[in-house]
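Single-structure report; data block below.
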Amino acid sequence: MSKALISVALAGIFALTTAESAFATTKMSLVGRIQSEYSHINIEGYSSQSLVNDPTFFSSWGFRIFENLGNGFQAMAMIDFGFDTNGAAQGSREIFVGINNNSIGTLKIGRTHSPFADFAGGWTIDPLVYTTLQAAGSGGTMIASANGLGAGAYSAVNSVIRFTSAEFNGFSFAALLMPGDSEKLEANLGGVLGGHGGNIGETGGEDGEWDVQFAAKYVWDFHEHKFEVFGGYSRDNVSTAQKRITAVNLKTEEVGRIGGVWSYKNVQIQGQYDFISDAIGAATCSDAAALGAIDQVATRQCNSAMNAGGDGNIWYVGGQYKMGNATLVAQGGMTDAHGTSVFERRAAKSYTIGGLYHLSKRTNLFGGYQRVNVIDHNETVDRDRNTWTIGLRHLF
């Protein structure tokens with residue numbers, strides 16, 4: 001009897017030791033960020049609106065998980081949920097599982113950001129991203145939809161496989177694939193594309209082909225100068241349901257991008273150019289990109305969107321100068337949405353002056369002013385816009 005008890009005890013100790021050893025190879029950390037800003041928005045023809053909130057839903061919390069698999073490989077996972085400081089939940093950001101090897105690259109499966117958002121340009125070159133002064137959306141001059149293959153800060157894409165390569169002699173690339181019939185984008189966009197807006201990451205459509213996005217960049221140093229050039233291609237296939245919309249003639253959307261960054265000591269200049277053909281999803285407006293629902297006309301801002309079914313181009317350039325803990329920012333650009341059989345041409349020019357002050361590596365103050373001049377032949381009044389903001393953010 002005593003031998004049996006000893007055997008059971010030894011087996012239990014061995015099991016616990018094995019479980020503890022296995023758990024020790026897995027690292028899980030709580031991550032997040034929280035932000036609030038006082039912003040004052042004045043859109044011509046409407047009364048001014050002021051609020052204290054996080055209208056871009058920068059705030060989020062989640063878990064980051066790693067497990068060492070040996071031979072240089074790691075299993076990884078991410079669970080991230082967004083919210084604003086008035087208590088509203090924006091829903092999921094990135095939720096994926098994947099494998100990483102520092103010499104090869106990272107494979108993610110699930111819901112991830114698009115390469116146009118976090119790899120080649122996008123928010124990587126906008127120091128004021130996720131504020132009401134950002135170049136992506138909020139009236140600015142970069143594509144910023146929430147519907148999947150866009151290039152803005154909200155572009156987490158459902159149901160995808162994404163690979164991002166390691167850097168090889170300064171060169172790297174990223175590719176994203178999504179089954180074209182995995183979601184029904186046209187049910188959520190609103191307007192002539194159907195639904196009531198509020199899209200939160202759906203793309204594709206019924207019986208559609210696979211959507212794809214590819215981007216590459218090259219980085220090199222020359223003395224104290226650092227250069228980066230990037231480019232990419234995005235294809236959002238039209239679905240059978242979208243083809244049936246008679247108000248506009250919808251075709252497969254294609255977006256091409258080129259851009260670059262130059263930095264020298266405390267100075268940096270960055271910019272990008274996008275050409276959009278047959279906009280259906282990634283280049284049209286959504287609630288998250290507009291910082292307001294369809295019925296919130298006093299604050300809703302869709303100046304970076306193309307006309308549904310139309311072509312257009314967007315360019316953006318910015319500069320920043322670091323001075324101690326402070327970063328001074330000046331940037332601007334232009335959106336040109338070509339007319340279609342349903343919509344007239346619309347153009348918007350934006351100018352932004354602002355800055356950030358880093359209280360620590362995790363906490364900073366930000367603020368500034370943005371002016372948007374609109375020429376919209378669909379409206380009797382051009383809704384020019386002025387925005388002032390000041391805010392505080394903390395990462396944890």
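Lettering and numbering for the structure tokens are positional, with chains as A, B, ... in the shown order, residues counted from 1 in each chain, and ligands counted from 1 in the shown order.
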Listing only residues of range 29-57 of chain A within 12 Å of range 65-75 of chain A, what is the closest atom pair and its distance in Å (to one decimal) for each, using only C-alpha atoms, sorted by chain and residue number ascending, as a Markdown table?
```
| residue | atom | partner | partner_atom | distance |
| --- | --- | --- | --- | --- |
| A:Ser29 | CA | A:Ile65 | CA | 6.6 |
| A:Leu30 | CA | A:Ile65 | CA | 9.1 |
| A:Val31 | CA | A:Ile65 | CA | 10.3 |
```
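These are the residues of range 89-123 of chain A assigned strand (DSSP E or B) by DSSP from backbone coordinates: Ala89, Gln90, Gly91, Ser92, Arg93, Glu94, Ile95, Phe96, Val97, Gly98, Ile99, Asn100, Asn101, Gly105, Thr106, Leu107, Lys108, Ile109, Gly110, Arg111, Thr112 and His113 of chain A.
Minimum distance to Tyr46 in chain A across A:Asn102, A:Leu392, A:Ala347, A:Val381 (counting only C-alpha atoms) occurs at A:Val381.
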Contacts of range 370-379 of chain A within 10 Å, only C-alpha atoms, excl. fewer than 2 positions in-chain, as a ChimeraX atom specification: /A:41-43,132-135,138-141,303,330-337,339,342-354,368,381-389
For the residues in the current selection, export C-alpha atoms as an mmCIF file, in the first residue's frame.
```cif
data_model
loop_
_atom_site.group_PDB
_atom_site.id
_atom_site.type_symbol
_atom_site.label_atom_id
_atom_site.label_comp_id
_atom_site.auth_asym_id
_atom_site.auth_seq_id
_atom_site.Cartn_x
_atom_site.Cartn_y
_atom_site.Cartn_z
ATOM 1 C CA ILE A 41 -14.343 70.499 -34.234
ATOM 2 C CA ASN A 42 -15.932 73.159 -36.409
ATOM 3 C CA ILE A 43 -17.409 72.041 -39.734
ATOM 4 C CA THR A 132 -8.134 63.729 -34.277
ATOM 5 C CA LEU A 133 -5.209 65.297 -36.175
ATOM 6 C CA GLN A 134 -4.128 62.073 -37.866
ATOM 7 C CA ALA A 135 -3.448 62.038 -41.584
ATOM 8 C CA SER A 138 -10.703 62.393 -39.587
ATOM 9 C CA GLY A 139 -10.758 64.585 -42.661
ATOM 10 C CA GLY A 140 -7.116 64.005 -43.486
ATOM 11 C CA THR A 141 -5.586 62.820 -46.715
ATOM 12 C CA ASN A 303 -12.778 63.727 -46.847
ATOM 13 C CA ALA A 330 3.933 69.735 -39.864
ATOM 14 C CA GLN A 331 2.087 67.709 -42.509
ATOM 15 C CA GLY A 332 -0.551 67.894 -45.178
ATOM 16 C CA GLY A 333 -1.795 66.534 -48.450
ATOM 17 C CA MET A 334 -4.691 66.236 -50.856
ATOM 18 C CA THR A 335 -7.458 63.815 -51.777
ATOM 19 C CA ASP A 336 -8.957 63.910 -55.279
ATOM 20 C CA ALA A 337 -12.083 61.736 -55.613
ATOM 21 C CA GLY A 339 -16.661 61.868 -60.295
ATOM 22 C CA VAL A 342 -23.804 59.145 -59.567
ATOM 23 C CA PHE A 343 -21.353 61.408 -57.707
ATOM 24 C CA GLU A 344 -19.574 64.605 -58.680
ATOM 25 C CA ARG A 345 -15.869 65.192 -58.111
ATOM 26 C CA ARG A 346 -14.722 66.030 -54.591
ATOM 27 C CA ALA A 347 -11.339 67.273 -53.418
ATOM 28 C CA ALA A 348 -9.934 68.018 -49.973
ATOM 29 C CA LYS A 349 -6.678 69.632 -48.879
ATOM 30 C CA SER A 350 -5.436 69.280 -45.325
ATOM 31 C CA TYR A 351 -2.822 71.197 -43.329
ATOM 32 C CA THR A 352 -1.733 70.154 -39.846
ATOM 33 C CA ILE A 353 0.598 71.691 -37.278
ATOM 34 C CA GLY A 354 1.113 69.926 -33.978
ATOM 35 C CA GLY A 368 -2.231 70.877 -32.498
ATOM 36 C CA VAL A 381 -21.762 74.358 -49.371
ATOM 37 C CA ASP A 382 -18.150 73.233 -49.109
ATOM 38 C CA ARG A 383 -17.826 71.851 -45.584
ATOM 39 C CA ASP A 384 -14.409 73.219 -44.644
ATOM 40 C CA ARG A 385 -13.230 72.075 -41.224
ATOM 41 C CA ASN A 386 -11.084 73.328 -38.344
ATOM 42 C CA THR A 387 -9.957 71.027 -35.538
ATOM 43 C CA TRP A 388 -8.020 71.847 -32.356
ATOM 44 C CA THR A 389 -7.015 69.189 -29.880
#
```
Identify, on the basis of only C-alpha atoms, every residue whose closest approach to Thr327 in chain A does not exceed 7 Å; exclude the query and any residue fewer than 4 positions from it along the same chain; express the result as a PyMOL selection string. chain A and resi 320-323+355-357
